[in-house]
Amino acid sequence: MTHPHSTLITGIGELVTNEDGWTALTGAALVIEDQTVAWTGPAGSAPAADRVVDAAGRAVLPGFVDSHAHLVFAGERSAEFAARMAGTPYQAGGIRSTVAATRGAPDEVLRANLARLTREMLAQGTTTLECKSGYGLTVADEARAVALAAEVTPEVTFLGAHVVPPEYEDDRAGYLDLVCGPMLTACAPHARWVDVFCEQGAFDADEARAVLAAGHAAGLLPRVHANQLGPGPGVQVAVAAGAAAADHCTYLSDADVDALAASGTGFSGTVATLLPGVEFSTRQPYPDARRLLAAGVTVALATDCNPGSCFTSSMPLCVALAVREMRLTTQEAVWAATAGGARALRRTDVGHLGVGARADLILLDGPSHTYLAYRPGVPLVRAVWRSGHREL
Ligand SMILES: [Zn+2]
């Protein structure tokens, strides 16, 4: 008797399940029932199912969990990128040009851009994504951004504290009051997370703590943009606030690494989310991922897809960069892009393919996960299932 909504994927060359750290089976099969993984094991002992897909020796991986993206915006900044490649350094203030374009865009333009980017992500194997506000920076524009983000993902982050907008240039305290008051009140119903860009040129430690505390009081969980452009207090603020993740982590002191390690692993510690596409696109040094791993810090990889510092939506590119430029092993990089991302979002149902996991998985055009780094820039995602539904 077969389940009416079951799919057996068999002939899997390598099945990455991430059930207990890095876990992979060869010559494997997997059964999807409705929206979840119902069975994994050797292909020869797989149960029957309603539908059969022959992987023909290809690899099956958990869908990527992109825990850091800024997708609600209008306009683009390719000229800024070109200037940067010609020697102009990246500065946080460039965010303001996207703010102006976003404020001026009708809902349909923002929604269409969001749809285009999420389709791109899905086609590259991302089955869970986080999406931030942060290019509105008025009560109405931030509320619009989180509402639009909530149309495409439950992992919505309120980032009113992205940068101080020009009209508050001479009144930082006034902008902080707005973010922690009416803007937060308007955004909290659509958001799960609160975030702050704790950086020179953005918000300092006291300001960041105030934003996270206000967000916490409104029922939002903290995460922080930390230590991207230089050494700073971001990581310490994140760990002290119990943030799920400190993102970027490009410039870390020994005390920062110790604090991340001491926060613990599993689903209560602070994950170091590395965004190698940003270093690639800003020509900054890559973070020292090996130092974090050696200290026992949980590492995630994400895209930071945004029009300024990194306009890639590709988790496979991030895996390849993490392997080539940050010296992660191929296993570490794929784990960080799947299970690591899930920890950064405090999600136990995604990022792995254990029995009971949400059936979010990708079929790779290659016999192993290694192909993601071995064949960089090549579209290797051949099929994607999300919540058990075949999307492509
Ligand atoms: Zn970001």
# chains A, B, ... in the order shown; residues from 1 in each chain; ligands from 1
$ select_by_dssp --residues "stretch 230-295 of chain A" --states "strand (DSSP E or B)" --output "PyMOL selection string"
chain A and resi 245-248+271-274
$ write_last_selection --atoms "N, CA and C atoms" --output "PDB file, in the first residue's frame"
ATOM      1  N   ALA A 245      22.297  35.391  15.619  1.00  0.00           N
ATOM      2  CA  ALA A 245      23.447  35.468  14.723  1.00  0.00           C
ATOM      3  C   ALA A 245      24.094  36.837  14.767  1.00  0.00           C
ATOM      4  N   ALA A 246      25.409  36.826  14.608  1.00  0.00           N
ATOM      5  CA  ALA A 246      26.189  38.033  14.338  1.00  0.00           C
ATOM      6  C   ALA A 246      26.689  37.874  12.908  1.00  0.00           C
ATOM      7  N   ASP A 247      26.298  38.796  12.044  1.00  0.00           N
ATOM      8  CA  ASP A 247      26.517  38.609  10.617  1.00  0.00           C
ATOM      9  C   ASP A 247      27.633  39.507  10.094  1.00  0.00           C
ATOM     10  N   HIS A 248      28.414  38.966   9.211  1.00  0.00           N
ATOM     11  CA  HIS A 248      29.626  39.532   8.600  1.00  0.00           C
ATOM     12  C   HIS A 248      30.861  38.991   9.322  1.00  0.00           C
ATOM     13  N   VAL A 271      25.317  32.395  16.270  1.00  0.00           N
ATOM     14  CA  VAL A 271      26.002  31.881  15.088  1.00  0.00           C
ATOM     15  C   VAL A 271      26.797  33.018  14.434  1.00  0.00           C
ATOM     16  N   ALA A 272      27.989  32.714  13.957  1.00  0.00           N
ATOM     17  CA  ALA A 272      28.740  33.670  13.129  1.00  0.00           C
ATOM     18  C   ALA A 272      28.341  33.423  11.674  1.00  0.00           C
ATOM     19  N   THR A 273      27.588  34.350  11.109  1.00  0.00           N
ATOM     20  CA  THR A 273      27.156  34.189   9.723  1.00  0.00           C
ATOM     21  C   THR A 273      28.119  34.946   8.811  1.00  0.00           C
ATOM     22  N   LEU A 274      28.816  34.205   7.986  1.00  0.00           N
ATOM     23  CA  LEU A 274      29.805  34.787   7.086  1.00  0.00           C
ATOM     24  C   LEU A 274      29.163  35.016   5.725  1.00  0.00           C
TER      25      LEU A 274
END
$ residues_around --residues "A:Gly351" --least-positions-apart "6" --cutoff "6 Å" --atoms "only C-alpha atoms" --output "list in words"
Pro62, Thr338, Ala339 and Ala342 of chain A
$ select_by_dssp --residues "stretch 166-372 of chain A" --states "alpha helix (DSSP H)" --output "ChimeraX atom specification"
/A:172-178,184-187,205-217,234-240,254-262,276-282,289-294,315-326,330-335,341-344,371-372
$ residues_near_ligand --ligand "ligand 1" --cutoff "8 Å" --atoms "only C-alpha atoms and all ligand atoms" --output "list of chain:residue names"
A:His68, A:Ala69, A:His70, A:Phe197, A:His225, A:Asp247, A:His248, A:Asp304, A:Cys305, A:Asn306
$ residues_around --residues "A:Gln228" --least-positions-apart "4" --cutoff "12 Å" --atoms "only C-alpha atoms" --output "VMD selection string"
chain A and resid 90 to 92 197 to 202 224 232 to 235 246 to 252 272 to 276 278 to 279 282 284 to 287 304 309
$ write_last_selection --atoms "N, CA and C atoms" --output "mmCIF file, in the first residue's frame"
data_model
loop_
_atom_site.group_PDB
_atom_site.id
_atom_site.type_symbol
_atom_site.label_atom_id
_atom_site.label_comp_id
_atom_site.auth_asym_id
_atom_site.auth_seq_id
_atom_site.Cartn_x
_atom_site.Cartn_y
_atom_site.Cartn_z
ATOM 1 N N TYR A 90 34.133 50.925 -0.283
ATOM 2 C CA TYR A 90 32.718 50.810 0.098
ATOM 3 C C TYR A 90 32.475 51.587 1.375
ATOM 4 N N GLN A 91 31.354 52.342 1.401
ATOM 5 C CA GLN A 91 30.966 53.062 2.615
ATOM 6 C C GLN A 91 29.492 52.813 2.884
ATOM 7 N N ALA A 92 29.149 52.740 4.192
ATOM 8 C CA ALA A 92 27.775 52.430 4.579
ATOM 9 C C ALA A 92 26.789 53.450 4.018
ATOM 10 N N PHE A 197 22.505 47.648 12.201
ATOM 11 C CA PHE A 197 23.806 47.743 11.539
ATOM 12 C C PHE A 197 24.726 48.463 12.526
ATOM 13 N N CYS A 198 25.454 47.670 13.339
ATOM 14 C CA CYS A 198 26.317 48.220 14.381
ATOM 15 C C CYS A 198 27.707 48.406 13.776
ATOM 16 N N GLU A 199 27.987 49.617 13.335
ATOM 17 C CA GLU A 199 29.202 49.848 12.542
ATOM 18 C C GLU A 199 29.531 51.329 12.549
ATOM 19 N N GLN A 200 30.797 51.655 12.399
ATOM 20 C CA GLN A 200 31.222 53.039 12.146
ATOM 21 C C GLN A 200 30.434 53.571 10.945
ATOM 22 N N GLY A 201 29.788 54.716 11.094
ATOM 23 C CA GLY A 201 28.995 55.264 9.990
ATOM 24 C C GLY A 201 27.542 54.839 10.043
ATOM 25 N N ALA A 202 27.218 53.896 10.947
ATOM 26 C CA ALA A 202 25.819 53.461 11.094
ATOM 27 C C ALA A 202 25.397 53.684 12.548
ATOM 28 N N VAL A 224 22.275 40.765 14.449
ATOM 29 C CA VAL A 224 23.073 41.991 14.346
ATOM 30 C C VAL A 224 23.991 41.936 13.122
ATOM 31 N N GLY A 232 34.961 46.428 15.999
ATOM 32 C CA GLY A 232 33.916 47.209 16.651
ATOM 33 C C GLY A 232 33.159 46.374 17.650
ATOM 34 N N PRO A 233 32.151 46.962 18.260
ATOM 35 C CA PRO A 233 31.443 46.300 19.355
ATOM 36 C C PRO A 233 30.315 45.367 18.922
ATOM 37 N N GLY A 234 30.059 45.248 17.626
ATOM 38 C CA GLY A 234 28.870 44.534 17.145
ATOM 39 C C GLY A 234 28.731 43.112 17.667
ATOM 40 N N VAL A 235 29.813 42.349 17.595
ATOM 41 C CA VAL A 235 29.733 40.951 18.027
ATOM 42 C C VAL A 235 29.420 40.869 19.527
ATOM 43 N N ALA A 246 25.409 36.826 14.608
ATOM 44 C CA ALA A 246 26.189 38.033 14.338
ATOM 45 C C ALA A 246 26.689 37.874 12.908
ATOM 46 N N ASP A 247 26.298 38.796 12.044
ATOM 47 C CA ASP A 247 26.517 38.609 10.617
ATOM 48 C C ASP A 247 27.633 39.507 10.094
ATOM 49 N N HIS A 248 28.414 38.966 9.211
ATOM 50 C CA HIS A 248 29.626 39.532 8.600
ATOM 51 C C HIS A 248 30.861 38.991 9.322
ATOM 52 N N CYS A 249 31.156 39.512 10.559
ATOM 53 C CA CYS A 249 32.284 38.983 11.348
ATOM 54 C C CYS A 249 33.600 39.014 10.570
ATOM 55 N N THR A 250 33.811 40.096 9.827
ATOM 56 C CA THR A 250 35.019 40.186 9.010
ATOM 57 C C THR A 250 36.234 40.589 9.843
ATOM 58 N N TYR A 251 36.016 41.463 10.833
ATOM 59 C CA TYR A 251 37.115 41.942 11.690
ATOM 60 C C TYR A 251 36.832 41.556 13.136
ATOM 61 N N LEU A 252 37.454 40.479 13.619
ATOM 62 C CA LEU A 252 37.161 39.996 14.966
ATOM 63 C C LEU A 252 38.403 40.029 15.848
ATOM 64 N N ALA A 272 27.989 32.714 13.957
ATOM 65 C CA ALA A 272 28.740 33.670 13.129
ATOM 66 C C ALA A 272 28.341 33.423 11.674
ATOM 67 N N THR A 273 27.588 34.350 11.109
ATOM 68 C CA THR A 273 27.156 34.189 9.723
ATOM 69 C C THR A 273 28.119 34.946 8.811
ATOM 70 N N LEU A 274 28.816 34.205 7.986
ATOM 71 C CA LEU A 274 29.805 34.787 7.086
ATOM 72 C C LEU A 274 29.163 35.016 5.725
ATOM 73 N N LEU A 275 29.527 36.136 5.102
ATOM 74 C CA LEU A 275 28.885 36.575 3.867
ATOM 75 C C LEU A 275 29.977 36.813 2.817
ATOM 76 N N PRO A 276 30.566 35.734 2.293
ATOM 77 C CA PRO A 276 31.755 35.905 1.447
ATOM 78 C C PRO A 276 31.490 36.662 0.157
ATOM 79 N N VAL A 278 30.085 39.426 0.022
ATOM 80 C CA VAL A 278 30.352 40.835 0.329
ATOM 81 C C VAL A 278 31.837 41.141 0.161
ATOM 82 N N GLU A 279 32.679 40.272 0.675
ATOM 83 C CA GLU A 279 34.125 40.497 0.524
ATOM 84 C C GLU A 279 34.506 40.430 -0.954
ATOM 85 N N THR A 282 33.191 43.767 -2.465
ATOM 86 C CA THR A 282 33.747 45.023 -1.945
ATOM 87 C C THR A 282 35.271 44.980 -1.925
ATOM 88 N N GLN A 284 37.133 43.484 0.120
ATOM 89 C CA GLN A 284 37.674 43.518 1.478
ATOM 90 C C GLN A 284 38.284 42.149 1.776
ATOM 91 N N PRO A 285 39.119 42.065 2.805
ATOM 92 C CA PRO A 285 39.652 40.741 3.164
ATOM 93 C C PRO A 285 38.529 39.821 3.646
ATOM 94 N N TYR A 286 38.646 38.545 3.340
ATOM 95 C CA TYR A 286 37.671 37.563 3.820
ATOM 96 C C TYR A 286 37.863 37.335 5.313
ATOM 97 N N PRO A 287 36.767 37.028 6.042
ATOM 98 C CA PRO A 287 36.935 36.693 7.463
ATOM 99 C C PRO A 287 37.709 35.390 7.634
ATOM 100 N N ASP A 304 23.689 37.808 1.774
ATOM 101 C CA ASP A 304 23.573 39.269 1.979
ATOM 102 C C ASP A 304 23.085 39.943 0.705
ATOM 103 N N SER A 309 26.405 46.293 -1.423
ATOM 104 C CA SER A 309 27.672 45.641 -1.103
ATOM 105 C C SER A 309 27.821 44.243 -1.690
#
$ atom_distance --atom1 "atom CA of A:Val257" --atom2 "atom CA of A:Leu159"
24.7 Å
$ atom_distance --atom1 "atom CA of A:Arg192" --atom2 "atom CA of A:Arg343"
14.8 Å
$ closest_atom_pairs --of "stretch 82-189 of chain A" --to "stretch 358-365 of chain A" --cutoff "9 Å" --atoms "only C-alpha atoms" --output "Markdown table"
| residue | atom | partner | partner_atom | distance |
| --- | --- | --- | --- | --- |
| A:Gly125 | CA | A:Ile362 | CA | 6.0 |
| A:Thr126 | CA | A:Ile362 | CA | 8.7 |
| A:Thr127 | CA | A:Asp360 | CA | 6.2 |
| A:Thr128 | CA | A:Asp360 | CA | 8.4 |
$ atom_distance --atom1 "atom CA of A:Leu220" --atom2 "atom CA of A:Trp193"
4.9 Å
$ residues_around --residues "A:Glu76" --least-positions-apart "3" --cutoff "10 Å" --atoms "only C-alpha atoms" --output "PyMOL selection string"
chain A and resi 73+79-81+97-98+101+306-308+311
$ write_last_selection --atoms "C-alpha atoms" --output "PDB file, in the first residue's frame"
ATOM      1  CA  PHE A  73      14.332  47.717  -2.636  1.00  0.00           C
ATOM      2  CA  ALA A  79      27.946  52.302 -11.184  1.00  0.00           C
ATOM      3  CA  GLU A  80      28.991  52.268  -7.514  1.00  0.00           C
ATOM      4  CA  PHE A  81      30.271  48.708  -7.989  1.00  0.00           C
ATOM      5  CA  SER A  97      20.783  56.083  -2.604  1.00  0.00           C
ATOM      6  CA  THR A  98      18.759  52.855  -2.415  1.00  0.00           C
ATOM      7  CA  ALA A 101      14.796  54.900  -4.917  1.00  0.00           C
ATOM      8  CA  ASN A 306      21.437  43.596  -1.653  1.00  0.00           C
ATOM      9  CA  PRO A 307      21.978  46.214  -4.359  1.00  0.00           C
ATOM     10  CA  GLY A 308      25.042  47.812  -2.729  1.00  0.00           C
ATOM     11  CA  PHE A 311      24.226  41.720  -5.434  1.00  0.00           C
TER      12      PHE A 311
END
$ decode --residues "stretch 11-117 of chain A" --atoms "C-alpha atoms" --output "PDB file, in the first residue's frame"
ATOM      1  CA  GLY A  11      19.709   6.160  -7.206  1.00  0.00           C
ATOM      2  CA  ILE A  12      21.179   9.027  -5.167  1.00  0.00           C
ATOM      3  CA  GLY A  13      24.968   9.104  -5.539  1.00  0.00           C
ATOM      4  CA  GLU A  14      25.411  11.105  -2.341  1.00  0.00           C
ATOM      5  CA  LEU A  15      22.615  12.018   0.059  1.00  0.00           C
ATOM      6  CA  VAL A  16      23.611  14.789   2.457  1.00  0.00           C
ATOM      7  CA  THR A  17      21.328  14.612   5.482  1.00  0.00           C
ATOM      8  CA  ASN A  18      23.179  16.666   8.136  1.00  0.00           C
ATOM      9  CA  GLU A  19      21.479  14.593  10.810  1.00  0.00           C
ATOM     10  CA  ASP A  20      24.375  14.745  13.239  1.00  0.00           C
ATOM     11  CA  GLY A  21      26.882  17.291  12.087  1.00  0.00           C
ATOM     12  CA  TRP A  22      27.962  16.505   8.534  1.00  0.00           C
ATOM     13  CA  THR A  23      26.246  13.271   7.495  1.00  0.00           C
ATOM     14  CA  ALA A  24      26.144  11.829   3.972  1.00  0.00           C
ATOM     15  CA  LEU A  25      25.088   8.439   2.594  1.00  0.00           C
ATOM     16  CA  THR A  26      26.106   6.915  -0.734  1.00  0.00           C
ATOM     17  CA  GLY A  27      23.897   4.713  -2.921  1.00  0.00           C
ATOM     18  CA  ALA A  28      20.917   6.142  -1.081  1.00  0.00           C
ATOM     19  CA  ALA A  29      17.219   6.842  -1.428  1.00  0.00           C
ATOM     20  CA  LEU A  30      14.802   9.243   0.233  1.00  0.00           C
ATOM     21  CA  VAL A  31      11.020   9.204   0.566  1.00  0.00           C
ATOM     22  CA  ILE A  32       8.934  12.364   0.764  1.00  0.00           C
ATOM     23  CA  GLU A  33       5.454  12.082   2.269  1.00  0.00           C
ATOM     24  CA  ASP A  34       3.334  15.172   1.914  1.00  0.00           C
ATOM     25  CA  GLN A  35       5.579  17.982   3.164  1.00  0.00           C
ATOM     26  CA  THR A  36       8.198  16.027   5.082  1.00  0.00           C
ATOM     27  CA  VAL A  37      11.024  13.525   4.766  1.00  0.00           C
ATOM     28  CA  ALA A  38       9.549  10.145   5.711  1.00  0.00           C
ATOM     29  CA  TRP A  39      12.489   7.800   5.118  1.00  0.00           C
ATOM     30  CA  THR A  40      16.172   7.815   4.165  1.00  0.00           C
ATOM     31  CA  GLY A  41      18.541   4.870   3.732  1.00  0.00           C
ATOM     32  CA  PRO A  42      20.193   2.487   1.276  1.00  0.00           C
ATOM     33  CA  ALA A  43      18.477   2.504  -2.126  1.00  0.00           C
ATOM     34  CA  GLY A  44      18.098  -1.300  -1.991  1.00  0.00           C
ATOM     35  CA  SER A  45      15.796  -1.221   1.033  1.00  0.00           C
ATOM     36  CA  ALA A  46      13.646   1.757   0.131  1.00  0.00           C
ATOM     37  CA  PRO A  47       9.878   1.386   0.580  1.00  0.00           C
ATOM     38  CA  ALA A  48       7.520   1.766  -2.369  1.00  0.00           C
ATOM     39  CA  ALA A  49       5.973   5.134  -3.115  1.00  0.00           C
ATOM     40  CA  ASP A  50       3.394   6.761  -5.330  1.00  0.00           C
ATOM     41  CA  ARG A  51       5.994   8.354  -7.583  1.00  0.00           C
ATOM     42  CA  VAL A  52       9.604   7.429  -8.323  1.00  0.00           C
ATOM     43  CA  VAL A  53      12.381   9.807  -9.377  1.00  0.00           C
ATOM     44  CA  ASP A  54      15.672   8.293 -10.509  1.00  0.00           C
ATOM     45  CA  ALA A  55      18.556  10.539  -9.448  1.00  0.00           C
ATOM     46  CA  ALA A  56      20.883   8.515 -11.725  1.00  0.00           C
ATOM     47  CA  GLY A  57      23.846   8.854  -9.382  1.00  0.00           C
ATOM     48  CA  ARG A  58      23.439  12.570  -8.702  1.00  0.00           C
ATOM     49  CA  ALA A  59      23.740  14.152  -5.274  1.00  0.00           C
ATOM     50  CA  VAL A  60      20.780  15.263  -3.136  1.00  0.00           C
ATOM     51  CA  LEU A  61      21.312  17.996  -0.540  1.00  0.00           C
ATOM     52  CA  PRO A  62      19.101  19.917   1.877  1.00  0.00           C
ATOM     53  CA  GLY A  63      17.859  23.133   0.269  1.00  0.00           C
ATOM     54  CA  PHE A  64      20.028  26.111   1.112  1.00  0.00           C
ATOM     55  CA  VAL A  65      19.015  28.303   4.051  1.00  0.00           C
ATOM     56  CA  ASP A  66      19.938  31.898   3.167  1.00  0.00           C
ATOM     57  CA  SER A  67      19.694  33.609   6.545  1.00  0.00           C
ATOM     58  CA  HIS A  68      20.688  37.120   5.416  1.00  0.00           C
ATOM     59  CA  ALA A  69      19.192  39.027   2.481  1.00  0.00           C
ATOM     60  CA  HIS A  70      17.884  42.515   1.712  1.00  0.00           C
ATOM     61  CA  LEU A  71      15.378  42.031  -1.077  1.00  0.00           C
ATOM     62  CA  VAL A  72      12.858  44.858  -0.665  1.00  0.00           C
ATOM     63  CA  PHE A  73      14.332  47.717  -2.636  1.00  0.00           C
ATOM     64  CA  ALA A  74      14.178  49.607  -5.915  1.00  0.00           C
ATOM     65  CA  GLY A  75      16.947  50.723  -8.221  1.00  0.00           C
ATOM     66  CA  GLU A  76      20.442  49.355  -8.595  1.00  0.00           C
ATOM     67  CA  ARG A  77      24.005  50.489  -7.927  1.00  0.00           C
ATOM     68  CA  SER A  78      26.149  48.976 -10.650  1.00  0.00           C
ATOM     69  CA  ALA A  79      27.946  52.302 -11.184  1.00  0.00           C
ATOM     70  CA  GLU A  80      28.991  52.268  -7.514  1.00  0.00           C
ATOM     71  CA  PHE A  81      30.271  48.708  -7.989  1.00  0.00           C
ATOM     72  CA  ALA A  82      32.275  49.715 -11.055  1.00  0.00           C
ATOM     73  CA  ALA A  83      33.753  52.688  -9.178  1.00  0.00           C
ATOM     74  CA  ARG A  84      34.648  50.382  -6.287  1.00  0.00           C
ATOM     75  CA  MET A  85      36.447  47.998  -8.609  1.00  0.00           C
ATOM     76  CA  ALA A  86      38.327  51.058  -9.881  1.00  0.00           C
ATOM     77  CA  GLY A  87      39.447  51.900  -6.350  1.00  0.00           C
ATOM     78  CA  THR A  88      36.675  53.759  -4.456  1.00  0.00           C
ATOM     79  CA  PRO A  89      36.154  52.042  -1.054  1.00  0.00           C
ATOM     80  CA  TYR A  90      32.718  50.810   0.098  1.00  0.00           C
ATOM     81  CA  GLN A  91      30.966  53.062   2.615  1.00  0.00           C
ATOM     82  CA  ALA A  92      27.775  52.430   4.579  1.00  0.00           C
ATOM     83  CA  GLY A  93      26.363  55.747   3.320  1.00  0.00           C
ATOM     84  CA  GLY A  94      25.726  54.279  -0.143  1.00  0.00           C
ATOM     85  CA  ILE A  95      22.633  52.689   1.410  1.00  0.00           C
ATOM     86  CA  ARG A  96      20.979  56.125   1.197  1.00  0.00           C
ATOM     87  CA  SER A  97      20.783  56.083  -2.604  1.00  0.00           C
ATOM     88  CA  THR A  98      18.759  52.855  -2.415  1.00  0.00           C
ATOM     89  CA  VAL A  99      16.580  54.424   0.287  1.00  0.00           C
ATOM     90  CA  ALA A 100      15.661  57.283  -2.061  1.00  0.00           C
ATOM     91  CA  ALA A 101      14.796  54.900  -4.917  1.00  0.00           C
ATOM     92  CA  THR A 102      12.812  52.589  -2.639  1.00  0.00           C
ATOM     93  CA  ARG A 103      10.731  55.362  -1.102  1.00  0.00           C
ATOM     94  CA  GLY A 104       9.822  56.567  -4.576  1.00  0.00           C
ATOM     95  CA  ALA A 105       8.780  53.155  -5.910  1.00  0.00           C
ATOM     96  CA  PRO A 106       5.164  51.944  -5.998  1.00  0.00           C
ATOM     97  CA  ASP A 107       4.272  48.686  -4.215  1.00  0.00           C
ATOM     98  CA  GLU A 108       4.035  46.791  -7.512  1.00  0.00           C
ATOM     99  CA  VAL A 109       7.614  47.649  -8.425  1.00  0.00           C
ATOM    100  CA  LEU A 110       8.944  46.461  -5.060  1.00  0.00           C
ATOM    101  CA  ARG A 111       6.787  43.326  -5.191  1.00  0.00           C
ATOM    102  CA  ALA A 112       7.965  42.480  -8.718  1.00  0.00           C
ATOM    103  CA  ASN A 113      11.623  42.945  -7.763  1.00  0.00           C
ATOM    104  CA  LEU A 114      11.120  40.758  -4.701  1.00  0.00           C
ATOM    105  CA  ALA A 115       9.462  38.061  -6.809  1.00  0.00           C
ATOM    106  CA  ARG A 116      12.285  38.136  -9.348  1.00  0.00           C
ATOM    107  CA  LEU A 117      14.948  37.758  -6.658  1.00  0.00           C
TER     108      LEU A 117
END
